[in-house]
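Student: My structure file protein.pdb, PDB, C-alpha atoms, is below:
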```pdb
ATOM      1  CA  MET A  30      77.447 -69.493 100.764  1.00  0.00           C
ATOM      2  CA  SER A  31      80.218 -67.703  98.836  1.00  0.00           C
ATOM      3  CA  ARG A  32      79.709 -65.831  95.559  1.00  0.00           C
ATOM      4  CA  LEU A  33      81.592 -68.594  93.730  1.00  0.00           C
ATOM      5  CA  GLU A  34      79.305 -71.244  95.221  1.00  0.00           C
ATOM      6  CA  ASN A  35      76.312 -69.174  94.120  1.00  0.00           C
ATOM      7  CA  ASN A  36      77.620 -69.432  90.545  1.00  0.00           C
ATOM      8  CA  VAL A  37      77.557 -73.241  90.413  1.00  0.00           C
ATOM      9  CA  GLY A  38      75.735 -74.262  87.241  1.00  0.00           C
ATOM     10  CA  VAL A  39      76.362 -71.013  85.390  1.00  0.00           C
ATOM     11  CA  GLU A  40      78.800 -72.909  83.164  1.00  0.00           C
ATOM     12  CA  SER A  41      75.749 -74.183  81.262  1.00  0.00           C
ATOM     13  CA  LEU A  42      74.794 -70.615  80.420  1.00  0.00           C
ATOM     14  CA  PHE A  43      78.359 -69.823  79.322  1.00  0.00           C
ATOM     15  CA  PHE A  44      78.289 -72.890  77.072  1.00  0.00           C
ATOM     16  CA  ASP A  45      74.981 -71.799  75.557  1.00  0.00           C
ATOM     17  CA  LEU A  46      76.503 -68.391  74.803  1.00  0.00           C
ATOM     18  CA  ALA A  47      79.853 -69.754  73.618  1.00  0.00           C
ATOM     19  CA  SER A  48      78.932 -69.528  69.966  1.00  0.00           C
ATOM     20  CA  GLU A  49      79.233 -66.624  67.586  1.00  0.00           C
ATOM     21  CA  SER A  50      76.065 -67.757  65.800  1.00  0.00           C
ATOM     22  CA  ARG A  51      73.995 -68.055  68.969  1.00  0.00           C
ATOM     23  CA  LEU A  52      75.183 -64.699  70.281  1.00  0.00           C
ATOM     24  CA  GLY A  53      74.465 -63.162  66.896  1.00  0.00           C
ATOM     25  CA  ILE A  54      70.916 -64.479  67.037  1.00  0.00           C
ATOM     26  CA  LEU A  55      70.396 -63.103  70.545  1.00  0.00           C
ATOM     27  CA  TYR A  56      71.678 -59.656  69.592  1.00  0.00           C
ATOM     28  CA  LEU A  57      69.476 -59.631  66.478  1.00  0.00           C
ATOM     29  CA  LEU A  58      66.396 -60.637  68.447  1.00  0.00           C
ATOM     30  CA  GLY A  59      67.258 -58.025  71.054  1.00  0.00           C
ATOM     31  CA  ARG A  60      66.393 -55.435  68.402  1.00  0.00           C
ATOM     32  CA  GLU A  61      63.349 -57.081  66.797  1.00  0.00           C
ATOM     33  CA  SER A  62      61.485 -60.357  66.405  1.00  0.00           C
ATOM     34  CA  LEU A  63      62.487 -62.260  63.265  1.00  0.00           C
ATOM     35  CA  LYS A  64      61.583 -65.415  61.392  1.00  0.00           C
ATOM     36  CA  MET A  65      64.158 -68.153  60.939  1.00  0.00           C
ATOM     37  CA  ASN A  66      64.855 -67.365  57.264  1.00  0.00           C
ATOM     38  CA  ASP A  67      65.464 -63.682  58.102  1.00  0.00           C
ATOM     39  CA  ILE A  68      67.871 -64.677  60.868  1.00  0.00           C
ATOM     40  CA  ALA A  69      69.726 -67.026  58.519  1.00  0.00           C
ATOM     41  CA  ARG A  70      70.009 -64.319  55.866  1.00  0.00           C
ATOM     42  CA  LYS A  71      71.198 -61.575  58.224  1.00  0.00           C
ATOM     43  CA  LEU A  72      73.832 -63.835  59.814  1.00  0.00           C
ATOM     44  CA  ASP A  73      74.804 -65.645  56.622  1.00  0.00           C
ATOM     45  CA  LEU A  74      73.776 -69.037  58.022  1.00  0.00           C
ATOM     46  CA  THR A  75      72.237 -71.999  56.260  1.00  0.00           C
ATOM     47  CA  SER A  76      68.635 -72.743  57.136  1.00  0.00           C
ATOM     48  CA  THR A  77      69.764 -75.967  58.798  1.00  0.00           C
ATOM     49  CA  GLU A  78      72.308 -74.155  60.976  1.00  0.00           C
ATOM     50  CA  ALA A  79      69.848 -71.387  61.910  1.00  0.00           C
ATOM     51  CA  PHE A  80      67.243 -73.986  62.895  1.00  0.00           C
ATOM     52  CA  ARG A  81      69.782 -75.919  64.966  1.00  0.00           C
ATOM     53  CA  GLN A  82      70.938 -72.828  66.853  1.00  0.00           C
ATOM     54  CA  LEU A  83      67.386 -71.607  67.455  1.00  0.00           C
ATOM     55  CA  GLN A  84      66.459 -75.012  68.800  1.00  0.00           C
ATOM     56  CA  ARG A  85      69.433 -74.896  71.168  1.00  0.00           C
ATOM     57  CA  LEU A  86      68.487 -71.394  72.357  1.00  0.00           C
ATOM     58  CA  SER A  87      64.863 -72.441  72.789  1.00  0.00           C
ATOM     59  CA  GLU A  88      65.890 -75.408  74.946  1.00  0.00           C
ATOM     60  CA  ALA A  89      67.960 -73.010  77.042  1.00  0.00           C
ATOM     61  CA  ARG A  90      64.858 -70.797  77.415  1.00  0.00           C
ATOM     62  CA  LEU A  91      66.636 -67.872  75.796  1.00  0.00           C
ATOM     63  CA  VAL A  92      64.352 -67.531  72.758  1.00  0.00           C
ATOM     64  CA  GLN A  93      60.719 -68.373  72.103  1.00  0.00           C
ATOM     65  CA  ARG A  94      58.757 -68.960  68.909  1.00  0.00           C
ATOM     66  CA  GLN A  95      55.710 -66.784  68.438  1.00  0.00           C
ATOM     67  CA  PRO A  96      52.431 -68.140  66.963  1.00  0.00           C
ATOM     68  CA  GLU A  97      53.043 -66.409  63.621  1.00  0.00           C
ATOM     69  CA  GLY A  98      56.444 -68.110  63.320  1.00  0.00           C
ATOM     70  CA  SER A  99      58.837 -65.348  64.365  1.00  0.00           C
ATOM     71  CA  TYR A 100      61.333 -65.714  67.220  1.00  0.00           C
ATOM     72  CA  SER A 101      61.873 -63.312  70.108  1.00  0.00           C
ATOM     73  CA  LEU A 102      63.933 -63.161  73.277  1.00  0.00           C
ATOM     74  CA  THR A 103      62.459 -64.450  76.509  1.00  0.00           C
ATOM     75  CA  SER A 104      62.442 -62.085  79.499  1.00  0.00           C
ATOM     76  CA  TYR A 105      65.112 -64.364  81.005  1.00  0.00           C
ATOM     77  CA  ALA A 106      67.359 -63.820  77.963  1.00  0.00           C
ATOM     78  CA  THR A 107      66.863 -60.059  78.130  1.00  0.00           C
ATOM     79  CA  LEU A 108      67.938 -60.119  81.777  1.00  0.00           C
ATOM     80  CA  GLU A 109      70.988 -62.272  81.050  1.00  0.00           C
ATOM     81  CA  LEU A 110      72.101 -60.002  78.199  1.00  0.00           C
ATOM     82  CA  ASN A 111      71.733 -56.926  80.396  1.00  0.00           C
ATOM     83  CA  LEU A 112      73.819 -58.561  83.123  1.00  0.00           C
ATOM     84  CA  SER A 113      76.424 -59.788  80.641  1.00  0.00           C
ATOM     85  CA  SER A 114      77.206 -56.227  79.534  1.00  0.00           C
ATOM     86  CA  SER A 115      79.641 -55.908  82.455  1.00  0.00           C
ATOM     87  CA  LEU A 116      81.506 -59.049  81.387  1.00  0.00           C
ATOM     88  CA  GLY A 117      81.612 -57.798  77.813  1.00  0.00           C
ATOM     89  CA  PHE A 118      82.975 -54.399  78.843  1.00  0.00           C
ATOM     90  CA  VAL A 119      85.700 -55.939  81.002  1.00  0.00           C
ATOM     91  CA  TYR A 120      86.604 -58.457  78.297  1.00  0.00           C
ATOM     92  CA  ARG A 121      86.917 -55.792  75.586  1.00  0.00           C
ATOM     93  CA  ASN A 122      89.227 -53.812  77.860  1.00  0.00           C
ATOM     94  CA  ARG A 123      91.040 -56.801  79.368  1.00  0.00           C
ATOM     95  CA  ASP A 124      94.511 -55.334  78.774  1.00  0.00           C
ATOM     96  CA  TYR A 125      93.553 -52.278  80.829  1.00  0.00           C
ATOM     97  CA  PHE A 126      91.883 -54.245  83.627  1.00  0.00           C
ATOM     98  CA  SER A 127      94.821 -56.647  83.802  1.00  0.00           C
ATOM     99  CA  GLU A 128      96.885 -53.704  85.068  1.00  0.00           C
ATOM    100  CA  HIS A 129      94.314 -51.568  86.897  1.00  0.00           C
ATOM    101  CA  ASP A 130      92.475 -52.226  90.144  1.00  0.00           C
ATOM    102  CA  VAL A 131      88.697 -52.056  90.526  1.00  0.00           C
ATOM    103  CA  SER A 132      88.525 -54.332  93.582  1.00  0.00           C
ATOM    104  CA  CYS A 133      88.507 -51.282  95.851  1.00  0.00           C
ATOM    105  CA  LEU A 134      85.109 -50.237  94.507  1.00  0.00           C
ATOM    106  CA  PRO A 135      81.887 -51.101  96.339  1.00  0.00           C
ATOM    107  CA  TYR A 136      80.491 -54.359  94.938  1.00  0.00           C
ATOM    108  CA  GLU A 137      77.448 -52.551  93.549  1.00  0.00           C
ATOM    109  CA  PHE A 138      79.647 -50.528  91.201  1.00  0.00           C
ATOM    110  CA  ILE A 139      81.741 -53.501  90.088  1.00  0.00           C
ATOM    111  CA  ASN A 140      78.492 -55.244  89.228  1.00  0.00           C
ATOM    112  CA  ARG A 141      77.412 -52.159  87.241  1.00  0.00           C
ATOM    113  CA  LEU A 142      80.614 -51.786  85.184  1.00  0.00           C
ATOM    114  CA  GLY A 143      78.612 -52.580  82.064  1.00  0.00           C
ATOM    115  CA  GLU A 144      77.093 -49.094  82.361  1.00  0.00           C
ATOM    116  CA  LEU A 145      80.459 -47.784  81.143  1.00  0.00           C
ATOM    117  CA  SER A 146      80.229 -49.832  77.928  1.00  0.00           C
ATOM    118  CA  ALA A 147      79.526 -46.877  75.642  1.00  0.00           C
ATOM    119  CA  GLY A 148      82.549 -44.997  76.969  1.00  0.00           C
ATOM    120  CA  GLU A 149      85.607 -44.192  74.897  1.00  0.00           C
ATOM    121  CA  PHE A 150      89.009 -45.439  76.050  1.00  0.00           C
ATOM    122  CA  TYR A 151      91.886 -42.956  76.164  1.00  0.00           C
ATOM    123  CA  GLY A 152      95.231 -44.717  76.501  1.00  0.00           C
ATOM    124  CA  GLU A 153      97.656 -41.779  76.439  1.00  0.00           C
ATOM    125  CA  THR A 154      98.187 -39.359  79.321  1.00  0.00           C
ATOM    126  CA  LEU A 155      98.476 -36.233  77.158  1.00  0.00           C
ATOM    127  CA  ALA A 156      95.278 -37.020  75.253  1.00  0.00           C
ATOM    128  CA  THR A 157      93.507 -37.708  78.550  1.00  0.00           C
ATOM    129  CA  MET A 158      94.621 -34.425  80.074  1.00  0.00           C
ATOM    130  CA  ASN A 159      93.591 -32.472  76.979  1.00  0.00           C
ATOM    131  CA  ARG A 160      90.147 -34.107  77.001  1.00  0.00           C
ATOM    132  CA  ALA A 161      89.749 -33.353  80.717  1.00  0.00           C
ATOM    133  CA  ARG A 162      90.749 -29.725  80.163  1.00  0.00           C
ATOM    134  CA  LYS A 163      88.155 -29.483  77.386  1.00  0.00           C
ATOM    135  CA  MET A 164      85.509 -30.871  79.738  1.00  0.00           C
ATOM    136  CA  VAL A 165      86.221 -28.179  82.327  1.00  0.00           C
ATOM    137  CA  ASN A 166      86.300 -25.465  79.682  1.00  0.00           C
ATOM    138  CA  GLU A 167      82.889 -26.486  78.389  1.00  0.00           C
ATOM    139  CA  ALA A 168      81.211 -27.023  81.776  1.00  0.00           C
ATOM    140  CA  GLU A 169      78.336 -24.637  82.436  1.00  0.00           C
ATOM    141  CA  SER A 170      76.532 -25.961  85.529  1.00  0.00           C
ATOM    142  CA  TYR A 171      78.963 -27.946  87.631  1.00  0.00           C
ATOM    143  CA  VAL A 172      82.274 -29.751  87.877  1.00  0.00           C
ATOM    144  CA  TRP A 173      82.656 -32.646  90.313  1.00  0.00           C
ATOM    145  CA  ALA A 174      86.103 -34.168  90.728  1.00  0.00           C
ATOM    146  CA  ILE A 175      87.888 -36.831  92.732  1.00  0.00           C
ATOM    147  CA  ALA A 176      91.640 -36.526  92.322  1.00  0.00           C
ATOM    148  CA  GLU A 177      94.918 -37.324  94.005  1.00  0.00           C
ATOM    149  CA  GLN A 178      96.407 -34.014  92.861  1.00  0.00           C
ATOM    150  CA  SER A 179      94.954 -30.656  91.919  1.00  0.00           C
ATOM    151  CA  GLU A 180      95.342 -29.910  88.195  1.00  0.00           C
ATOM    152  CA  SER A 181      96.708 -26.358  88.037  1.00  0.00           C
ATOM    153  CA  SER A 182      95.717 -25.878  84.396  1.00  0.00           C
ATOM    154  CA  HIS A 183      92.047 -26.117  85.410  1.00  0.00           C
ATOM    155  CA  THR A 184      92.272 -23.362  88.033  1.00  0.00           C
ATOM    156  CA  PRO A 185      92.101 -20.211  85.843  1.00  0.00           C
ATOM    157  CA  ILE A 186      88.969 -21.263  83.966  1.00  0.00           C
ATOM    158  CA  VAL A 187      87.309 -22.563  87.138  1.00  0.00           C
ATOM    159  CA  ASN A 188      88.031 -19.305  88.977  1.00  0.00           C
ATOM    160  CA  GLN A 189      86.504 -17.379  86.093  1.00  0.00           C
ATOM    161  CA  LYS A 190      83.354 -19.476  86.051  1.00  0.00           C
ATOM    162  CA  VAL A 191      82.694 -19.921  89.782  1.00  0.00           C
ATOM    163  CA  PRO A 192      81.530 -16.311  90.383  1.00  0.00           C
ATOM    164  CA  LYS A 193      79.160 -16.778  87.432  1.00  0.00           C
ATOM    165  CA  GLY A 194      77.488 -19.780  89.050  1.00  0.00           C
ATOM    166  CA  LEU A 195      79.603 -22.855  88.182  1.00  0.00           C
ATOM    167  CA  LYS A 196      79.254 -25.296  91.095  1.00  0.00           C
ATOM    168  CA  ILE A 197      82.447 -27.030  92.218  1.00  0.00           C
ATOM    169  CA  ARG A 198      82.786 -30.172  94.304  1.00  0.00           C
ATOM    170  CA  PHE A 199      86.311 -31.460  94.807  1.00  0.00           C
ATOM    171  CA  LEU A 200      87.109 -34.618  96.769  1.00  0.00           C
ATOM    172  CA  MET A 201      90.832 -34.845  97.396  1.00  0.00           C
ATOM    173  CA  GLN A 202      93.326 -37.064  99.115  1.00  0.00           C
ATOM    174  CA  LYS A 203      94.171 -36.178 102.713  1.00  0.00           C
ATOM    175  CA  GLU A 204      97.813 -35.346 101.955  1.00  0.00           C
ATOM    176  CA  LEU A 205      96.713 -32.822  99.345  1.00  0.00           C
ATOM    177  CA  ALA A 206      94.206 -31.293 101.755  1.00  0.00           C
ATOM    178  CA  LYS A 207      97.070 -30.543 104.155  1.00  0.00           C
ATOM    179  CA  THR A 208      98.901 -28.403 101.611  1.00  0.00           C
ATOM    180  CA  ILE A 209      96.309 -27.037  99.210  1.00  0.00           C
ATOM    181  CA  GLU A 210      96.433 -23.347  98.373  1.00  0.00           C
ATOM    182  CA  TYR A 211      93.171 -21.466  98.039  1.00  0.00           C
ATOM    183  CA  ASP A 212      91.821 -18.116  96.967  1.00  0.00           C
ATOM    184  CA  PRO A 213      89.910 -16.658  99.950  1.00  0.00           C
ATOM    185  CA  ARG A 214      87.775 -14.587  97.579  1.00  0.00           C
ATOM    186  CA  LEU A 215      86.378 -17.705  95.907  1.00  0.00           C
ATOM    187  CA  GLU A 216      86.751 -20.588  98.336  1.00  0.00           C
ATOM    188  CA  HIS A 217      83.403 -19.979 100.026  1.00  0.00           C
ATOM    189  CA  LEU A 218      81.795 -20.668  96.641  1.00  0.00           C
ATOM    190  CA  LYS A 219      83.412 -24.096  96.330  1.00  0.00           C
ATOM    191  CA  GLU A 220      82.765 -27.367  98.153  1.00  0.00           C
ATOM    192  CA  ARG A 221      85.765 -29.458  99.140  1.00  0.00           C
ATOM    193  CA  ARG A 222      86.108 -32.687 101.081  1.00  0.00           C
ATOM    194  CA  TYR A 223      88.920 -35.176 101.663  1.00  0.00           C
ATOM    195  CA  MET A 224      89.562 -38.882 102.242  1.00  0.00           C
ATOM    196  CA  GLU A 225      92.577 -40.741 103.602  1.00  0.00           C
ATOM    197  CA  ARG A 226      93.165 -42.260 100.171  1.00  0.00           C
ATOM    198  CA  ILE A 227      91.108 -41.857  97.047  1.00  0.00           C
ATOM    199  CA  PRO A 228      90.655 -45.064  95.005  1.00  0.00           C
ATOM    200  CA  LEU A 229      90.327 -43.548  91.525  1.00  0.00           C
ATOM    201  CA  THR A 230      90.041 -40.339  89.524  1.00  0.00           C
ATOM    202  CA  LEU A 231      86.630 -39.022  88.521  1.00  0.00           C
ATOM    203  CA  LEU A 232      85.769 -35.895  86.557  1.00  0.00           C
ATOM    204  CA  ILE A 233      82.101 -35.127  85.985  1.00  0.00           C
ATOM    205  CA  THR A 234      80.282 -32.232  84.368  1.00  0.00           C
ATOM    206  CA  GLU A 235      76.688 -31.877  83.275  1.00  0.00           C
ATOM    207  CA  LYS A 236      77.789 -32.959  79.781  1.00  0.00           C
ATOM    208  CA  GLU A 237      80.192 -35.875  80.269  1.00  0.00           C
ATOM    209  CA  SER A 238      82.244 -37.917  82.698  1.00  0.00           C
ATOM    210  CA  ALA A 239      85.689 -39.480  82.961  1.00  0.00           C
ATOM    211  CA  VAL A 240      86.972 -42.312  85.157  1.00  0.00           C
ATOM    212  CA  HIS A 241      90.553 -43.544  85.659  1.00  0.00           C
ATOM    213  CA  PHE A 242      91.543 -46.373  87.995  1.00  0.00           C
ATOM    214  CA  ARG A 243      94.737 -46.916  89.954  1.00  0.00           C
ATOM    215  CA  LYS A 244      97.234 -49.507  88.775  1.00  0.00           C
ATOM    216  CA  HIS A 245      97.692 -52.616  90.907  1.00  0.00           C
ATOM    217  CA  THR A 246     100.938 -51.046  92.145  1.00  0.00           C
ATOM    218  CA  GLY A 247      98.896 -48.228  93.673  1.00  0.00           C
ATOM    219  CA  LYS A 248     100.071 -45.631  91.163  1.00  0.00           C
ATOM    220  CA  MET A 249      97.415 -43.299  89.796  1.00  0.00           C
ATOM    221  CA  GLU A 250      97.607 -43.316  86.025  1.00  0.00           C
ATOM    222  CA  PHE A 251      95.754 -40.836  83.832  1.00  0.00           C
ATOM    223  CA  ILE A 252      94.403 -43.214  81.236  1.00  0.00           C
ATOM    224  CA  GLY A 253      90.852 -44.485  81.263  1.00  0.00           C
ATOM    225  CA  PHE A 254      87.356 -43.880  79.965  1.00  0.00           C
ATOM    226  CA  PHE A 255      85.259 -40.893  78.896  1.00  0.00           C
ATOM    227  CA  GLY A 256      81.525 -41.054  78.292  1.00  0.00           C
ATOM    228  CA  THR A 257      78.590 -38.828  77.430  1.00  0.00           C
ATOM    229  CA  ASP A 258      75.643 -41.235  77.514  1.00  0.00           C
ATOM    230  CA  ASP A 259      73.150 -41.370  80.383  1.00  0.00           C
ATOM    231  CA  MET A 260      74.271 -44.732  81.800  1.00  0.00           C
ATOM    232  CA  PHE A 261      77.957 -43.774  81.908  1.00  0.00           C
ATOM    233  CA  HIS A 262      77.013 -40.464  83.511  1.00  0.00           C
ATOM    234  CA  LYS A 263      74.801 -42.120  86.127  1.00  0.00           C
ATOM    235  CA  TRP A 264      77.489 -44.644  87.122  1.00  0.00           C
ATOM    236  CA  THR A 265      80.074 -41.913  87.677  1.00  0.00           C
ATOM    237  CA  ARG A 266      77.648 -39.582  89.476  1.00  0.00           C
ATOM    238  CA  ASP A 267      76.417 -42.359  91.777  1.00  0.00           C
ATOM    239  CA  LEU A 268      79.989 -43.348  92.638  1.00  0.00           C
ATOM    240  CA  PHE A 269      80.989 -39.750  93.302  1.00  0.00           C
ATOM    241  CA  VAL A 270      78.038 -39.294  95.678  1.00  0.00           C
ATOM    242  CA  HIS A 271      78.945 -42.569  97.434  1.00  0.00           C
ATOM    243  CA  TYR A 272      82.444 -41.294  98.277  1.00  0.00           C
ATOM    244  CA  TRP A 273      81.376 -37.690  98.830  1.00  0.00           C
ATOM    245  CA  GLU A 274      78.966 -38.698 101.584  1.00  0.00           C
ATOM    246  CA  LYS A 275      81.716 -40.636 103.375  1.00  0.00           C
ATOM    247  CA  ALA A 276      84.374 -37.900 103.107  1.00  0.00           C
ATOM    248  CA  GLU A 277      85.450 -35.300 105.678  1.00  0.00           C
ATOM    249  CA  ARG A 278      84.544 -31.668 105.112  1.00  0.00           C
ATOM    250  CA  TRP A 279      87.361 -29.252 104.343  1.00  0.00           C
ATOM    251  CA  TYR A 280      87.239 -25.544 105.097  1.00  0.00           C
ATOM    252  CA  PRO A 281      89.724 -22.753 104.217  1.00  0.00           C
ATOM    253  CA  GLY A 282      92.490 -22.661 106.783  1.00  0.00           C
ATOM    254  CA  ILE A 283      91.504 -25.910 108.521  1.00  0.00           C
ATOM    255  CA  GLN A 284      94.389 -27.780 110.136  1.00  0.00           C
ATOM    256  CA  ILE A 285      94.477 -31.451 109.178  1.00  0.00           C
ATOM    257  CA  LYS A 286      96.602 -33.855 111.165  1.00  0.00           C
TER     258      LYS A 286
END
```
What do you get writing this file as structure tokens?

Tutor:
Amino acid sequence: MSRLENNVGVESLFFDLASESRLGILYLLGRESLKMNDIARKLDLTSTEAFRQLQRLSEARLVQRQPEGSYSLTSYATLELNLSSSLGFVYRNRDYFSEHDVSCLPYEFINRLGELSAGEFYGETLATMNRARKMVNEAESYVWAIAEQSESSHTPIVNQKVPKGLKIRFLMQKELAKTIEYDPRLEHLKERRYMERIPLTLLITEKESAVHFRKHTGKMEFIGFFGTDDMFHKWTRDLFVHYWEKAERWYPGIQIK
């Protein structure tokens, strides 16, 4: 059975959620249990409208009425809202995802895109590069990167910090690995690997992460998302490890065909 066939019937859920009032109620109840009059007041609804929407959500098994009269989310609703975060993230950034390709990612990470929801979008290359440079400057423990090209402006600060204990992991594209220049005094302190073609750009430090996807044309474009929260950081770290474990090791002076 295909993924689309598995989704037969989900249109009922979409219909239940296709209301600003009903979504508002779910988000309110996601924070705390409330009585109907409190819900109506917070959402500026009439009592009749609040009752009608709560009844609809109850029939859909998304909310439940407690014995003392307050309403709360069901465990099913909590699960649906958690899963819908990916759809919400993609929808809010639909202009970006209309032009950029995430289909190359493992399905697990597409399904987890909602973990990037708290990230901040940077839509200009210069602003992106400045933010990335700031990340490297402020890194204290490690810098992990996946990149098509080596950013020369990062090299001086990295070379200063590596002897002091900054850990470097750099996953590069095969063509770059053929031509990369290295400092023999420092290279043994860095970890490098390569892939035939990298699918995206990642920059990760102990403090924050950045992710930029390729355009559908294949061009790597330096606009994308930066995040400092735990979920954003975990998504980027997990994806980096996924590719790192599949990549070929690179050593100083190695000849790559």

Student: Within 12 Å of Gln84 of chain A, counting all atoms listed in the file, which residues show up once you throw out same-chain ones fewer than 4 positions away? Write them as a compact mmCIF listing (two decimals) with C-alpha atoms, in the frame of the given file, please.

Tutor:
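As written to disk, selection_39.txt reads:
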```txt
# COMPACT_ATOMS: atom_id res chain seq x y z
CA ASP A 45 74.98 -71.80 75.56
CA ARG A 51 74.00 -68.06 68.97
CA ILE A 54 70.92 -64.48 67.04
CA MET A 65 64.16 -68.15 60.94
CA THR A 77 69.76 -75.97 58.80
CA GLU A 78 72.31 -74.16 60.98
CA ALA A 79 69.85 -71.39 61.91
CA PHE A 80 67.24 -73.99 62.90
CA GLU A 88 65.89 -75.41 74.95
CA ALA A 89 67.96 -73.01 77.04
CA ARG A 90 64.86 -70.80 77.42
CA LEU A 91 66.64 -67.87 75.80
CA VAL A 92 64.35 -67.53 72.76
CA GLN A 93 60.72 -68.37 72.10
CA ARG A 94 58.76 -68.96 68.91
CA TYR A 100 61.33 -65.71 67.22
```

Student: Need the shell around segment 262-273 of chain A: protein/DNA/RNA residues with any atom at most 12 Å away, counting all atoms listed in the file. Skip same-chain ones fewer than 4 positions apart. Format as a short mmCIF file (atom, residue, chain, number, x, y, z; two decimals) with C-alpha atoms, in the frame of the given file?

Tutor:
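Done, and the output landed in result-v8.cif:
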```cif
data_model
loop_
_atom_site.label_atom_id
_atom_site.label_comp_id
_atom_site.auth_asym_id
_atom_site.auth_seq_id
_atom_site.Cartn_x
_atom_site.Cartn_y
_atom_site.Cartn_z
CA CYS A 133 88.51 -51.28 95.85
CA LEU A 134 85.11 -50.24 94.51
CA PRO A 135 81.89 -51.10 96.34
CA TYR A 136 80.49 -54.36 94.94
CA GLU A 137 77.45 -52.55 93.55
CA PHE A 138 79.65 -50.53 91.20
CA ILE A 139 81.74 -53.50 90.09
CA ASN A 140 78.49 -55.24 89.23
CA ARG A 141 77.41 -52.16 87.24
CA LEU A 142 80.61 -51.79 85.18
CA GLY A 143 78.61 -52.58 82.06
CA GLU A 144 77.09 -49.09 82.36
CA LEU A 145 80.46 -47.78 81.14
CA SER A 146 80.23 -49.83 77.93
CA ALA A 147 79.53 -46.88 75.64
CA GLY A 148 82.55 -45.00 76.97
CA TYR A 171 78.96 -27.95 87.63
CA VAL A 172 82.27 -29.75 87.88
CA TRP A 173 82.66 -32.65 90.31
CA ALA A 174 86.10 -34.17 90.73
CA ILE A 175 87.89 -36.83 92.73
CA ALA A 176 91.64 -36.53 92.32
CA ARG A 198 82.79 -30.17 94.30
CA PHE A 199 86.31 -31.46 94.81
CA LEU A 200 87.11 -34.62 96.77
CA MET A 201 90.83 -34.84 97.40
CA GLN A 202 93.33 -37.06 99.12
CA GLU A 220 82.76 -27.37 98.15
CA ARG A 221 85.76 -29.46 99.14
CA ARG A 222 86.11 -32.69 101.08
CA TYR A 223 88.92 -35.18 101.66
CA MET A 224 89.56 -38.88 102.24
CA GLU A 225 92.58 -40.74 103.60
CA ARG A 226 93.16 -42.26 100.17
CA ILE A 227 91.11 -41.86 97.05
CA PRO A 228 90.66 -45.06 95.00
CA LEU A 229 90.33 -43.55 91.52
CA THR A 230 90.04 -40.34 89.52
CA LEU A 231 86.63 -39.02 88.52
CA LEU A 232 85.77 -35.90 86.56
CA ILE A 233 82.10 -35.13 85.98
CA THR A 234 80.28 -32.23 84.37
CA GLU A 235 76.69 -31.88 83.28
CA LYS A 236 77.79 -32.96 79.78
CA GLU A 237 80.19 -35.88 80.27
CA SER A 238 82.24 -37.92 82.70
CA ALA A 239 85.69 -39.48 82.96
CA VAL A 240 86.97 -42.31 85.16
CA HIS A 241 90.55 -43.54 85.66
CA PHE A 254 87.36 -43.88 79.96
CA PHE A 255 85.26 -40.89 78.90
CA GLY A 256 81.53 -41.05 78.29
CA THR A 257 78.59 -38.83 77.43
CA ASP A 258 75.64 -41.24 77.51
CA GLU A 277 85.45 -35.30 105.68
CA ARG A 278 84.54 -31.67 105.11
CA TRP A 279 87.36 -29.25 104.34
#
```

Student: Would you compute the distance between atom CA of Lys71 of chain A and atom CA of Met260 of chain A? Give it in Å to one decimal.

Tutor: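 Computed distance, atom CA of Lys71 of chain A to atom CA of Met260 of chain A, equals 29.1 Å.
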
Student: Near segment 127-130 of chain A, within 8 Å and counting all atoms listed in the file, which residues show up once chain neighbours fewer than 5 positions away are dropped, as a PyMOL selection string?

Tutor: chain A and resi 242-245

Student: Using all atoms listed in the file, which residue out of A:Ala69, A:Ile252, A:Leu116, A:Leu55 lies closest to Leu86 of chain A?

Tutor: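 Under the stated criterion, the closest residue is A:Leu55.
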
Student: Apply the PyMOL selection byres ((chain A and resi 98) around 12) to the structure shown and report the selected residues as a VMD selection string.

Tutor: chain A and resid 62 to 67 93 to 97 99 to 101

Student: Tell me, in Å to one decimal, how far atom CA of Thr103 of chain A is from atom CA of Ser48 of chain A.

Tutor: 18.4 Å

Student: Any idea what the distance is between atom CA of Phe150 of chain A and atom CA of Gly53 of chain A?

Tutor: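 Atom CA of Phe150 of chain A sits 24.7 Å away from atom CA of Gly53 of chain A.
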
Student: Could you tell me which of A:Leu108, A:Gly152, A:Val187, A:Phe261 comes closest to Glu167 of chain A if we count all atoms listed in the file?

Tutor: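 Closest to Glu167 of chain A of all the choices is A:Val187.
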
Student: Counting only C-alpha atoms, which residues come within 9 Å of (67.1, -58.3, 71.8), with the point read in the file's coordinates, and could you list them as a list in words?

Tutor: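 Residues close enough to count: Ile54, Leu55, Tyr56, Leu57, Leu58, Gly59, Arg60, Glu61, Ser62, Ser101, Leu102, Ala106, Thr107 and Leu110 of chain A.
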